[in-house]
$ cat protein_38.cif   # mmCIF, C-alpha atoms and all ligand atoms
data_entry
#
loop_
_atom_site.label_atom_id
_atom_site.label_comp_id
_atom_site.auth_asym_id
_atom_site.auth_seq_id
_atom_site.Cartn_x
_atom_site.Cartn_y
_atom_site.Cartn_z
CA MET A 139 10.33 64.62 -54.19
CA GLY A 140 13.02 64.53 -51.58
CA VAL A 141 16.60 65.05 -50.62
CA LYS A 142 19.21 62.49 -51.62
CA ILE A 143 20.76 61.10 -48.46
CA LYS A 144 24.21 61.95 -49.88
CA ASP A 145 23.21 65.63 -49.94
CA LEU A 146 22.01 65.52 -46.36
CA ILE A 147 25.22 63.79 -45.26
CA ALA A 148 27.25 66.51 -46.98
CA ALA A 149 25.19 69.29 -45.42
CA ILE A 150 25.65 68.01 -41.88
CA ASP A 151 29.26 66.97 -42.43
CA GLY A 152 28.16 63.45 -41.53
CA LYS A 153 30.22 60.30 -41.45
CA VAL A 154 28.72 57.08 -42.80
CA LEU A 155 29.26 54.25 -40.29
CA THR A 156 27.69 51.43 -42.28
CA GLN A 157 29.89 51.21 -45.36
CA SER A 158 28.03 48.30 -46.95
CA VAL A 159 24.62 49.94 -46.87
CA GLU A 160 23.72 51.33 -50.25
CA THR A 161 22.99 55.08 -50.16
CA GLU A 162 21.97 55.81 -53.77
CA SER A 163 18.37 54.70 -53.34
CA ILE A 164 17.70 56.54 -50.07
CA VAL A 165 15.67 59.69 -50.58
CA ILE A 166 14.52 61.65 -47.54
CA GLU A 167 11.26 63.59 -47.64
CA ASP A 168 10.92 64.34 -43.96
CA GLY A 169 12.56 63.82 -40.61
CA TYR A 170 11.74 62.69 -37.11
CA VAL A 171 13.59 63.59 -33.93
CA SER A 172 13.13 61.62 -30.75
CA ASP A 173 15.11 59.63 -28.23
CA LEU A 174 12.08 57.68 -27.00
CA LEU A 175 11.85 54.50 -29.00
CA SER A 176 8.11 53.95 -28.64
CA ASP A 177 7.51 57.49 -29.79
CA VAL A 178 9.62 56.75 -32.87
CA MET A 179 7.78 53.48 -33.52
CA GLY A 180 4.47 55.26 -33.27
CA ASN A 181 5.32 58.16 -35.54
CA ALA A 182 8.33 57.74 -37.80
CA ARG A 183 7.81 56.64 -41.40
CA ASP A 184 9.83 55.09 -44.18
CA ASN A 185 10.55 58.37 -45.98
CA GLN A 186 12.20 59.98 -42.98
CA ALA A 187 15.64 60.34 -41.49
CA TRP A 188 15.56 59.63 -37.76
CA ILE A 189 17.75 61.98 -35.73
CA THR A 190 18.69 60.77 -32.26
CA ILE A 191 21.38 60.39 -29.63
CA MET A 192 20.07 56.93 -28.65
CA LYS A 193 22.87 54.66 -29.82
CA HIS A 194 21.95 51.25 -28.42
CA MET A 195 21.23 48.12 -30.43
CA ASN A 196 17.51 48.73 -29.99
CA SER A 197 17.69 51.83 -32.18
CA VAL A 198 18.72 49.70 -35.14
CA ALA A 199 15.98 47.19 -34.33
CA VAL A 200 13.40 49.98 -34.21
CA ALA A 201 14.55 51.45 -37.53
CA SER A 202 14.59 48.07 -39.21
CA LEU A 203 11.19 46.98 -37.88
CA ALA A 204 9.50 50.32 -38.51
CA GLY A 205 11.06 50.62 -41.97
CA ILE A 206 13.12 53.77 -41.26
CA PRO A 207 15.99 53.82 -43.80
CA CYS A 208 18.50 56.02 -41.96
CA ILE A 209 19.53 56.94 -38.42
CA VAL A 210 21.53 60.13 -37.93
CA PHE A 211 23.34 60.21 -34.61
CA ALA A 212 23.72 63.77 -33.38
CA LYS A 213 26.38 65.42 -31.19
CA GLY A 214 29.07 63.07 -32.48
CA VAL A 215 27.46 60.05 -30.85
CA GLN A 216 29.37 56.94 -31.83
CA PRO A 217 27.61 53.59 -31.45
CA GLU A 218 29.52 50.40 -30.54
CA LYS A 219 30.81 48.26 -33.37
CA GLU A 220 28.18 45.56 -32.69
CA VAL A 221 25.52 48.18 -33.31
CA ILE A 222 27.15 49.24 -36.58
CA GLN A 223 27.39 45.58 -37.59
CA LYS A 224 23.69 45.16 -36.89
CA GLY A 225 23.01 48.22 -39.06
CA GLU A 226 24.94 46.56 -41.89
CA GLU A 227 22.99 43.32 -41.45
CA GLU A 228 19.62 45.05 -41.30
CA LYS A 229 20.58 47.46 -44.10
CA VAL A 230 19.87 50.50 -41.98
CA LEU A 231 22.16 53.39 -42.88
CA LEU A 232 23.91 54.79 -39.81
CA VAL A 233 25.43 58.25 -39.99
CA THR A 234 27.06 60.31 -37.26
CA SER A 235 27.44 64.08 -37.18
CA GLU A 236 29.07 66.47 -34.74
CA LEU A 237 26.07 68.81 -35.03
CA SER A 238 23.26 68.86 -32.48
CA SER A 239 19.83 67.42 -33.27
CA PHE A 240 18.57 70.98 -33.62
CA GLU A 241 21.24 71.90 -36.15
CA ILE A 242 20.78 68.69 -38.15
CA CYS A 243 17.04 69.34 -38.35
CA GLY A 244 17.71 72.89 -39.45
CA LYS A 245 19.95 71.72 -42.28
CA LEU A 246 17.45 69.06 -43.41
CA TYR A 247 14.60 71.54 -43.21
CA CYS A 248 16.49 74.00 -45.42
CA LEU A 249 17.35 71.30 -47.96
CA LEU A 250 13.71 70.21 -48.16
CA ASN A 251 12.54 73.81 -48.42
CA ASP A 252 15.02 74.59 -51.21
CA LEU A 253 13.38 71.84 -53.27
CA LYS A 254 10.08 73.66 -53.15
CA LYS A 255 11.52 76.86 -54.62
CA MET B 218 -5.98 27.25 -32.11
CA LYS B 219 -2.70 26.80 -30.31
CA GLY B 220 -2.26 29.12 -27.34
CA SER B 221 -5.80 30.42 -27.48
CA GLU B 222 -6.63 28.85 -24.14
CA ALA B 223 -4.85 32.00 -22.97
CA VAL B 224 -8.16 33.86 -23.36
CA LYS B 225 -9.14 33.15 -19.81
CA SER B 226 -12.24 33.31 -17.73
CA LYS B 227 -13.89 36.59 -16.81
CA SER B 228 -12.48 36.64 -13.28
CA ILE B 229 -9.17 38.10 -14.47
CA PRO B 230 -9.30 41.76 -15.49
CA GLU B 231 -9.21 42.05 -19.25
CA TYR B 232 -9.22 44.67 -21.93
CA TRP B 233 -10.41 44.42 -25.53
CA ALA B 234 -9.91 46.91 -28.34
CA ILE B 235 -11.29 45.95 -31.74
CA LYS B 236 -11.30 48.25 -34.76
CA PRO B 237 -14.72 48.89 -36.28
CA GLY B 238 -15.53 46.29 -38.91
CA PHE B 239 -13.44 43.51 -37.37
CA GLU B 240 -15.76 42.47 -34.51
CA GLU B 241 -17.45 39.63 -36.38
CA GLU B 242 -14.27 38.22 -37.88
CA ILE B 243 -12.45 38.20 -34.58
CA LYS B 244 -15.39 36.70 -32.72
CA LYS B 245 -15.50 33.95 -35.32
CA ILE B 246 -11.80 33.20 -34.88
CA ILE B 247 -12.22 32.95 -31.11
CA ASN B 248 -15.17 30.59 -31.46
CA GLU B 249 -13.83 28.40 -34.23
CA ARG B 250 -10.14 28.43 -33.32
CA PRO B 251 -8.86 27.62 -36.79
CA GLU B 252 -5.50 25.90 -37.26
CA PRO B 253 -2.79 28.31 -38.35
CA GLU B 254 -0.78 27.57 -41.47
CA ILE B 255 2.42 28.26 -39.61
CA SER B 256 3.09 28.66 -35.93
CA LEU B 257 6.34 30.10 -34.56
CA ASP B 258 7.39 30.05 -30.90
CA TYR B 259 10.00 32.10 -29.08
CA GLU B 260 11.17 32.57 -25.53
CA ILE B 261 11.68 36.12 -24.28
CA ALA B 262 14.17 36.55 -21.43
CA GLU B 263 13.95 39.22 -18.74
CA ASN B 264 16.06 42.33 -19.41
CA ASP B 265 17.47 40.93 -22.64
CA TYR B 266 17.44 43.99 -24.89
CA VAL B 267 19.73 42.39 -27.45
CA LYS B 268 17.98 39.13 -28.34
CA THR B 269 14.47 40.42 -27.76
CA GLY B 270 13.04 41.40 -31.12
CA LYS B 271 13.91 38.14 -32.87
CA ALA B 272 10.27 37.09 -33.07
CA SER B 273 9.31 40.45 -34.55
CA SER B 274 12.00 40.42 -37.21
CA ASP B 275 11.37 36.75 -38.14
CA VAL B 276 7.64 37.37 -38.44
CA LYS B 277 8.20 40.47 -40.55
CA PHE B 278 10.53 38.53 -42.84
CA PHE B 279 8.03 35.69 -43.12
CA LEU B 280 5.06 37.93 -43.94
CA LYS B 281 7.16 39.83 -46.44
CA LYS B 282 7.76 36.56 -48.28
CA LEU B 283 3.99 35.99 -48.26
CA GLY B 284 3.65 39.29 -50.13
CA VAL B 285 2.05 41.30 -47.31
CA ASN B 286 2.21 45.03 -48.10
CA PRO B 287 4.87 47.23 -46.44
CA GLU B 288 2.45 49.30 -44.37
CA VAL B 289 0.90 46.18 -42.83
CA LEU B 290 4.37 44.73 -42.29
CA ARG B 291 5.30 47.87 -40.40
CA ARG B 292 2.19 47.65 -38.24
CA VAL B 293 2.83 43.98 -37.38
CA ALA B 294 6.52 44.60 -36.66
CA VAL B 295 5.88 47.62 -34.44
CA ALA B 296 3.09 45.97 -32.43
CA SER B 297 5.14 42.80 -32.04
CA TYR B 298 8.31 44.62 -30.97
CA GLU B 299 6.45 46.74 -28.43
CA ALA B 300 4.91 43.59 -26.97
CA GLU B 301 8.23 41.74 -26.91
CA ILE B 302 9.95 44.66 -25.22
CA ASN B 303 7.20 44.86 -22.61
CA VAL B 304 7.83 41.24 -21.69
CA THR B 305 11.58 41.76 -21.38
CA ALA B 306 11.25 45.12 -19.60
CA HIS B 307 8.34 44.56 -17.23
CA SER B 308 8.14 40.81 -16.54
CA LYS B 309 10.24 37.86 -15.44
CA GLY B 310 10.27 36.69 -19.04
CA GLY B 311 7.79 34.80 -21.13
CA LYS B 312 7.00 33.43 -24.53
CA VAL B 313 5.43 34.47 -27.77
CA THR B 314 3.57 32.44 -30.36
CA ALA B 315 2.95 33.80 -33.83
CA ASN B 316 0.10 32.08 -35.62
CA ILE B 317 0.20 32.91 -39.29
CA TYR B 318 -2.90 32.40 -41.44
CA SER B 319 -3.43 33.10 -45.12
CA ASP B 320 -5.18 36.43 -44.50
CA TYR B 321 -4.27 37.49 -40.96
CA ILE B 322 -1.80 36.98 -38.14
CA ILE B 323 -2.41 36.42 -34.44
CA MET B 324 0.42 36.95 -31.97
CA MET B 325 0.19 35.84 -28.36
CA PHE B 326 2.52 36.99 -25.60
CA GLU B 327 2.38 35.36 -22.21
CA ASP B 328 4.79 36.05 -19.38
CA TYR B 329 5.62 34.75 -15.92
CA GLY B 330 4.38 37.79 -14.02
CA PRO B 331 4.29 39.92 -11.91
CA GLY B 332 1.23 41.19 -13.79
CA ILE B 333 -0.33 44.61 -14.19
CA ALA B 334 -2.04 46.32 -11.25
CA ASP B 335 -4.47 48.38 -13.32
CA ILE B 336 -4.94 47.64 -17.03
CA GLU B 337 -6.89 50.81 -17.83
CA GLN B 338 -4.08 52.86 -16.33
CA ALA B 339 -1.43 50.85 -18.23
CA MET B 340 -3.27 51.64 -21.49
CA GLN B 341 -3.05 55.40 -20.87
CA PRO B 342 -0.45 57.12 -23.08
CA GLY B 343 2.37 58.30 -20.83
CA PHE B 344 1.84 55.84 -18.00
CA SER B 345 5.01 53.89 -17.30
CA THR B 346 6.66 51.99 -14.49
CA ALA B 347 9.78 51.31 -16.59
CA ASN B 348 12.95 50.82 -14.57
CA GLU B 349 16.32 52.53 -14.96
CA LEU B 350 17.65 49.98 -17.45
CA ALA B 351 14.58 50.17 -19.68
CA ARG B 352 14.80 53.96 -19.69
CA GLU B 353 18.49 53.90 -20.48
CA MET B 354 17.67 51.69 -23.45
CA GLY B 355 15.24 54.31 -24.75
CA PHE B 356 12.00 52.81 -23.45
CA GLY B 357 9.61 54.04 -20.80
CA ALA B 358 7.59 56.70 -22.63
CA GLY B 359 4.41 54.83 -21.78
CA LEU B 360 3.51 54.60 -25.44
CA GLY B 361 4.01 50.91 -26.18
CA LEU B 362 0.53 49.62 -25.35
CA PRO B 363 -1.17 52.59 -27.07
CA ASN B 364 1.02 51.87 -30.12
CA ILE B 365 -0.08 48.25 -30.12
CA LYS B 366 -3.71 49.32 -29.92
CA LYS B 367 -3.24 51.80 -32.76
CA ASN B 368 -1.55 49.33 -35.10
CA CYS B 369 -3.73 46.26 -34.56
CA ASP B 370 -7.19 45.33 -35.83
CA GLY B 371 -7.86 43.61 -32.54
CA MET B 372 -6.07 43.59 -29.22
CA TYR B 373 -6.68 41.64 -26.01
CA LEU B 374 -4.85 42.20 -22.73
CA SER B 375 -5.45 40.36 -19.49
CA SER B 376 -3.52 40.54 -16.28
CA GLU B 377 -3.77 40.69 -12.54
CA PRO B 378 -1.29 41.67 -9.85
CA GLY B 379 0.81 38.63 -8.97
CA GLY B 380 -0.32 36.72 -12.05
CA SER B 381 0.89 36.55 -15.60
CA THR B 382 0.09 39.02 -18.34
CA THR B 383 -1.37 37.87 -21.66
CA LEU B 384 -1.45 40.05 -24.72
CA ILE B 385 -2.96 38.89 -28.00
CA PHE B 386 -3.27 40.85 -31.19
CA PHE B 387 -4.90 40.31 -34.57
CA ILE B 388 -3.83 42.00 -37.79
CA TYR B 389 -5.38 41.41 -41.21
CA TYR B 390 -3.20 41.74 -44.31
CA GLU B 391 -5.94 43.53 -46.17
CA GLU B 392 -6.46 47.01 -44.74
CA LYS B 393 -9.98 48.27 -44.12
CA SER B 394 -11.11 51.84 -44.54
CA TYR B 395 -9.80 53.29 -41.25
CA ALA B 396 -6.49 55.09 -41.35
CA ALA B 397 -3.79 53.29 -39.37
CA LYS B 398 -1.71 56.44 -39.14
N1 LIG Z 401 4.04 42.31 -19.69
C1 LIG Z 401 3.88 43.23 -18.73
N2 LIG Z 401 4.00 42.86 -17.43
C2 LIG Z 401 3.84 43.77 -16.44
N3 LIG Z 401 3.55 45.06 -16.65
C3 LIG Z 401 3.41 45.47 -17.91
C4 LIG Z 401 3.57 44.60 -19.03
N4 LIG Z 401 3.35 45.29 -20.16
C5 LIG Z 401 3.08 46.56 -19.77
N5 LIG Z 401 3.11 46.68 -18.43
C6 LIG Z 401 2.83 47.89 -17.62
O1 LIG Z 401 2.16 48.84 -18.44
C7 LIG Z 401 2.90 50.05 -18.49
C8 LIG Z 401 2.69 50.73 -19.83
O2 LIG Z 401 3.24 49.94 -20.88
P1 LIG Z 401 3.66 50.65 -22.23
O3 LIG Z 401 4.23 49.64 -23.13
O4 LIG Z 401 2.51 51.44 -22.74
O5 LIG Z 401 4.77 51.70 -21.77
P2 LIG Z 401 6.27 51.40 -21.28
O6 LIG Z 401 6.65 50.01 -21.65
O7 LIG Z 401 6.37 51.76 -19.85
O8 LIG Z 401 7.08 52.46 -22.13
P3 LIG Z 401 7.31 52.38 -23.74
O9 LIG Z 401 6.53 51.22 -24.25
O10 LIG Z 401 6.82 53.69 -24.26
O11 LIG Z 401 8.77 52.21 -23.93
C9 LIG Z 401 4.33 49.63 -18.20
O12 LIG Z 401 5.14 50.68 -17.73
C10 LIG Z 401 4.10 48.57 -17.14
O13 LIG Z 401 3.79 49.16 -15.89
MG MG Z 402 6.35 49.31 -23.57
#
$ encode --input "protein_38.cif" --output "structure tokens"
Amino acid sequence: MGVKIKDLIAAIDGKVLTQSVETESIVIEDGYVSDLLSDVMGNARDNQAWITIMKHMNSVAVASLAGIPCIVFAKGVQPEKEVIQKGEEEKVLLVTSELSSFEICGKLYCLLNDLKK
Amino acid sequence: MKGSEAVKSKSIPEYWAIKPGFEEEIKKIINERPEPEISLDYEIAENDYVKTGKASSDVKFFLKKLGVNPEVLRRVAVASYEAEINVTAHSKGGKVTANIYSDYIIMMFEDYGPGIADIEQAMQPGFSTANELAREMGFGAGLGLPNIKKNCDGMYLSSEPGGSTTLIFFIYYEEKSYAAK
């Protein structure tokens, strides 16, 4: 049981950067917040949204290799177009939101909690 | 086994970490040096954070086609990417060979130095000498080598100051009882 990525995107007023990446099948059961890539590789899992301000190419590589379906860039962070292109190629959904990491987590936490009610 | 001459003599400091239950299998591989079914080679350039990762993604793609389960794919990809990034971030560049067998994979990373001063210290979570660029790219938590150890069934690291660093890991496609989490 999880939150449809569309619902999370709506809740955080997020903008999808990777238009070609299919969103229907992405269901989020948990989240992980970190800007240290090795920490993410060691701990994030394939049912999580990864919330970060780290917008380099390596973030997409990490998500793709570690099987993380979606990166949410906080604080309105906007990656370069090469990074977005790489997201499209690797089928990693990239979303950006004006909210802070803290606020995005709060919204996701509430959505996940509502499911339990 | 191609590249296995990298397991050098005892005079160079070395570190082994083998998960319980894999000691015999790995010892056998080292002694018998079987021919891999497929061997892939890549160069890794210093400070190249864009191209580095190619070996990891190719290997993941390849093993996926072989039908290896997603959790094992994740472990191979993470260990491989951490090792690739270490070569690009901490050395003058190097190469990686992926030897793919029907039931396990061995990946060997060898670089052109400058080596590791103290391997035990390098293995400690949180220890890092990462430079400005590596940190800007999101690396430098000092968690890469511990991640490799955690995700592999066997890991070998040898290095000395001024020399090259060799890292070899072994991952079986069939998971044993321990939790890889
Ligand atoms: N190939 C290498 N050549 C020289 N030194 C290395 C090499 N690999 C690792 N090291 C040394 O070991 C330290 C720890 O490596 P480790 O991968 O655990 O952390 P890191 O690379 O510094 O940060 P992180 O992997 O979390 O991004 C490095 O900072 C570096 O000093
Ligand atoms: Mg590292």
$ closest_residue --input "protein_38.cif" --among "B:Val304, B:Ile247, B:Leu290, B:Ile336" --to "chain A" --atoms "only C-alpha atoms"
B:Leu290
$ residues_around --input "protein_38.cif" --residues "B:Ile365" --least-positions-apart "3" --cutoff "8 Å" --atoms "all atoms listed in the file" --output "mmCIF file with C-alpha atoms, keeping the file's coordinate frame"
data_model
loop_
_atom_site.group_PDB
_atom_site.id
_atom_site.type_symbol
_atom_site.label_atom_id
_atom_site.label_comp_id
_atom_site.auth_asym_id
_atom_site.auth_seq_id
_atom_site.Cartn_x
_atom_site.Cartn_y
_atom_site.Cartn_z
ATOM 1 C CA VAL B 295 5.880 47.620 -34.440
ATOM 2 C CA ALA B 296 3.090 45.970 -32.430
ATOM 3 C CA SER B 297 5.140 42.800 -32.040
ATOM 4 C CA GLU B 299 6.450 46.740 -28.430
ATOM 5 C CA ALA B 300 4.910 43.590 -26.970
ATOM 6 C CA GLY B 361 4.010 50.910 -26.180
ATOM 7 C CA LEU B 362 0.530 49.620 -25.350
ATOM 8 C CA ASN B 368 -1.550 49.330 -35.100
ATOM 9 C CA CYS B 369 -3.730 46.260 -34.560
ATOM 10 C CA MET B 372 -6.070 43.590 -29.220
#
$ residues_near_ligand --input "protein_38.cif" --ligand "ligand LIG 401 (chain Z)" --cutoff "9 Å" --atoms "only C-alpha atoms and all ligand atoms" --output "number ranges by chain"
A: 174-177; B: 299-311, 326-336, 338-348, 351-352, 354-365, 376, 378, 381-384
$ atom_distance --input "protein_38.cif" --atom1 "atom CA of B:Val267" --atom2 "atom CA of A:Gln186"
24.6 Å
$ atom_distance --input "protein_38.cif" --atom1 "atom CA of A:Trp188" --atom2 "atom CA of A:Ser238"
13.1 Å
$ interface_residues --input "protein_38.cif" --of "chain A" --to "chain B" --cutoff "12 Å" --atoms "only C-alpha atoms" --output "JSON, numbers by chain"
{"A": [172, 173, 174, 175, 176, 177, 178, 179, 180, 181, 182, 183, 184, 190, 191, 192, 193, 194, 195, 196, 197, 198, 199, 200, 201, 202, 203, 204, 205, 206, 220, 221, 224, 228]}
$ residues_around --input "protein_38.cif" --residues "B:Glu391" --least-positions-apart "4" --cutoff "10 Å" --atoms "only C-alpha atoms" --output "list in words"
Val285, Asn286, Val289, Asp320 and Tyr321 of chain B
$ atom_distance --input "protein_38.cif" --atom1 "atom CA of A:Cys208" --atom2 "atom CA of B:Phe279"
22.9 Å
$ closest_residue --input "protein_38.cif" --among "B:Arg250, B:Lys245, B:Lys366, B:Lys393" --to "ligand MG 402 (chain Z)" --atoms "only C-alpha atoms and all ligand atoms"
B:Lys366
$ residues_around --input "protein_38.cif" --residues "stretch 148-162 of chain A" --least-positions-apart "4" --cutoff "12 Å" --atoms "all atoms listed in the file" --output "PyMOL selection string"
chain A and resi 141-144+166+189+198+207-250
$ residues_around --input "protein_38.cif" --residues "B:Ala315" --least-positions-apart "2" --cutoff "10 Å" --atoms "all atoms listed in the file" --output "list of chain:residue names"
B:Lys219, B:Gly220, B:Pro253, B:Ile255, B:Ser256, B:Leu257, B:Asp258, B:Tyr259, B:Ala272, B:Ser273, B:Asp275, B:Val276, B:Ser297, B:Val313, B:Ile317, B:Tyr318, B:Ile322, B:Ile323, B:Met324, B:Met325, B:Phe326, B:Ile385, B:Phe386
$ build_atoms --input "protein_38.cif" --residues "stretch 311-324 of chain B" --atoms "N, CA and C atoms" --output "PDB file, in the coordinates of the input"
ATOM      1  N   GLY B 311       8.993  35.474 -20.654  1.00  0.00           N
ATOM      2  CA  GLY B 311       7.790  34.800 -21.130  1.00  0.00           C
ATOM      3  C   GLY B 311       7.997  34.203 -22.491  1.00  0.00           C
ATOM      4  N   LYS B 312       6.876  34.002 -23.193  1.00  0.00           N
ATOM      5  CA  LYS B 312       7.000  33.430 -24.530  1.00  0.00           C
ATOM      6  C   LYS B 312       6.011  34.080 -25.489  1.00  0.00           C
ATOM      7  N   VAL B 313       6.324  33.935 -26.745  1.00  0.00           N
ATOM      8  CA  VAL B 313       5.430  34.470 -27.770  1.00  0.00           C
ATOM      9  C   VAL B 313       5.180  33.398 -28.809  1.00  0.00           C
ATOM     10  N   THR B 314       3.941  33.322 -29.254  1.00  0.00           N
ATOM     11  CA  THR B 314       3.570  32.440 -30.360  1.00  0.00           C
ATOM     12  C   THR B 314       2.993  33.298 -31.467  1.00  0.00           C
ATOM     13  N   ALA B 315       3.509  33.109 -32.667  1.00  0.00           N
ATOM     14  CA  ALA B 315       2.950  33.800 -33.830  1.00  0.00           C
ATOM     15  C   ALA B 315       2.201  32.784 -34.663  1.00  0.00           C
ATOM     16  N   ASN B 316       0.914  32.956 -34.780  1.00  0.00           N
ATOM     17  CA  ASN B 316       0.100  32.080 -35.620  1.00  0.00           C
ATOM     18  C   ASN B 316      -0.224  32.791 -36.923  1.00  0.00           C
ATOM     19  N   ILE B 317       0.323  32.260 -37.985  1.00  0.00           N
ATOM     20  CA  ILE B 317       0.200  32.910 -39.290  1.00  0.00           C
ATOM     21  C   ILE B 317      -0.847  32.184 -40.135  1.00  0.00           C
ATOM     22  N   TYR B 318      -1.821  32.929 -40.587  1.00  0.00           N
ATOM     23  CA  TYR B 318      -2.900  32.400 -41.440  1.00  0.00           C
ATOM     24  C   TYR B 318      -2.759  33.026 -42.824  1.00  0.00           C
ATOM     25  N   SER B 319      -3.583  32.588 -43.749  1.00  0.00           N
ATOM     26  CA  SER B 319      -3.430  33.100 -45.120  1.00  0.00           C
ATOM     27  C   SER B 319      -3.843  34.560 -45.240  1.00  0.00           C
ATOM     28  N   ASP B 320      -4.747  35.038 -44.371  1.00  0.00           N
ATOM     29  CA  ASP B 320      -5.180  36.430 -44.500  1.00  0.00           C
ATOM     30  C   ASP B 320      -5.048  37.278 -43.237  1.00  0.00           C
ATOM     31  N   TYR B 321      -4.520  36.699 -42.177  1.00  0.00           N
ATOM     32  CA  TYR B 321      -4.270  37.490 -40.960  1.00  0.00           C
ATOM     33  C   TYR B 321      -3.222  36.796 -40.101  1.00  0.00           C
ATOM     34  N   ILE B 322      -2.746  37.548 -39.101  1.00  0.00           N
ATOM     35  CA  ILE B 322      -1.800  36.980 -38.140  1.00  0.00           C
ATOM     36  C   ILE B 322      -2.318  37.229 -36.724  1.00  0.00           C
ATOM     37  N   ILE B 323      -2.089  36.252 -35.858  1.00  0.00           N
ATOM     38  CA  ILE B 323      -2.410  36.420 -34.440  1.00  0.00           C
ATOM     39  C   ILE B 323      -1.101  36.209 -33.674  1.00  0.00           C
ATOM     40  N   MET B 324      -0.759  37.152 -32.814  1.00  0.00           N
ATOM     41  CA  MET B 324       0.420  36.950 -31.970  1.00  0.00           C
ATOM     42  C   MET B 324       0.023  36.966 -30.514  1.00  0.00           C
TER      43      MET B 324
END
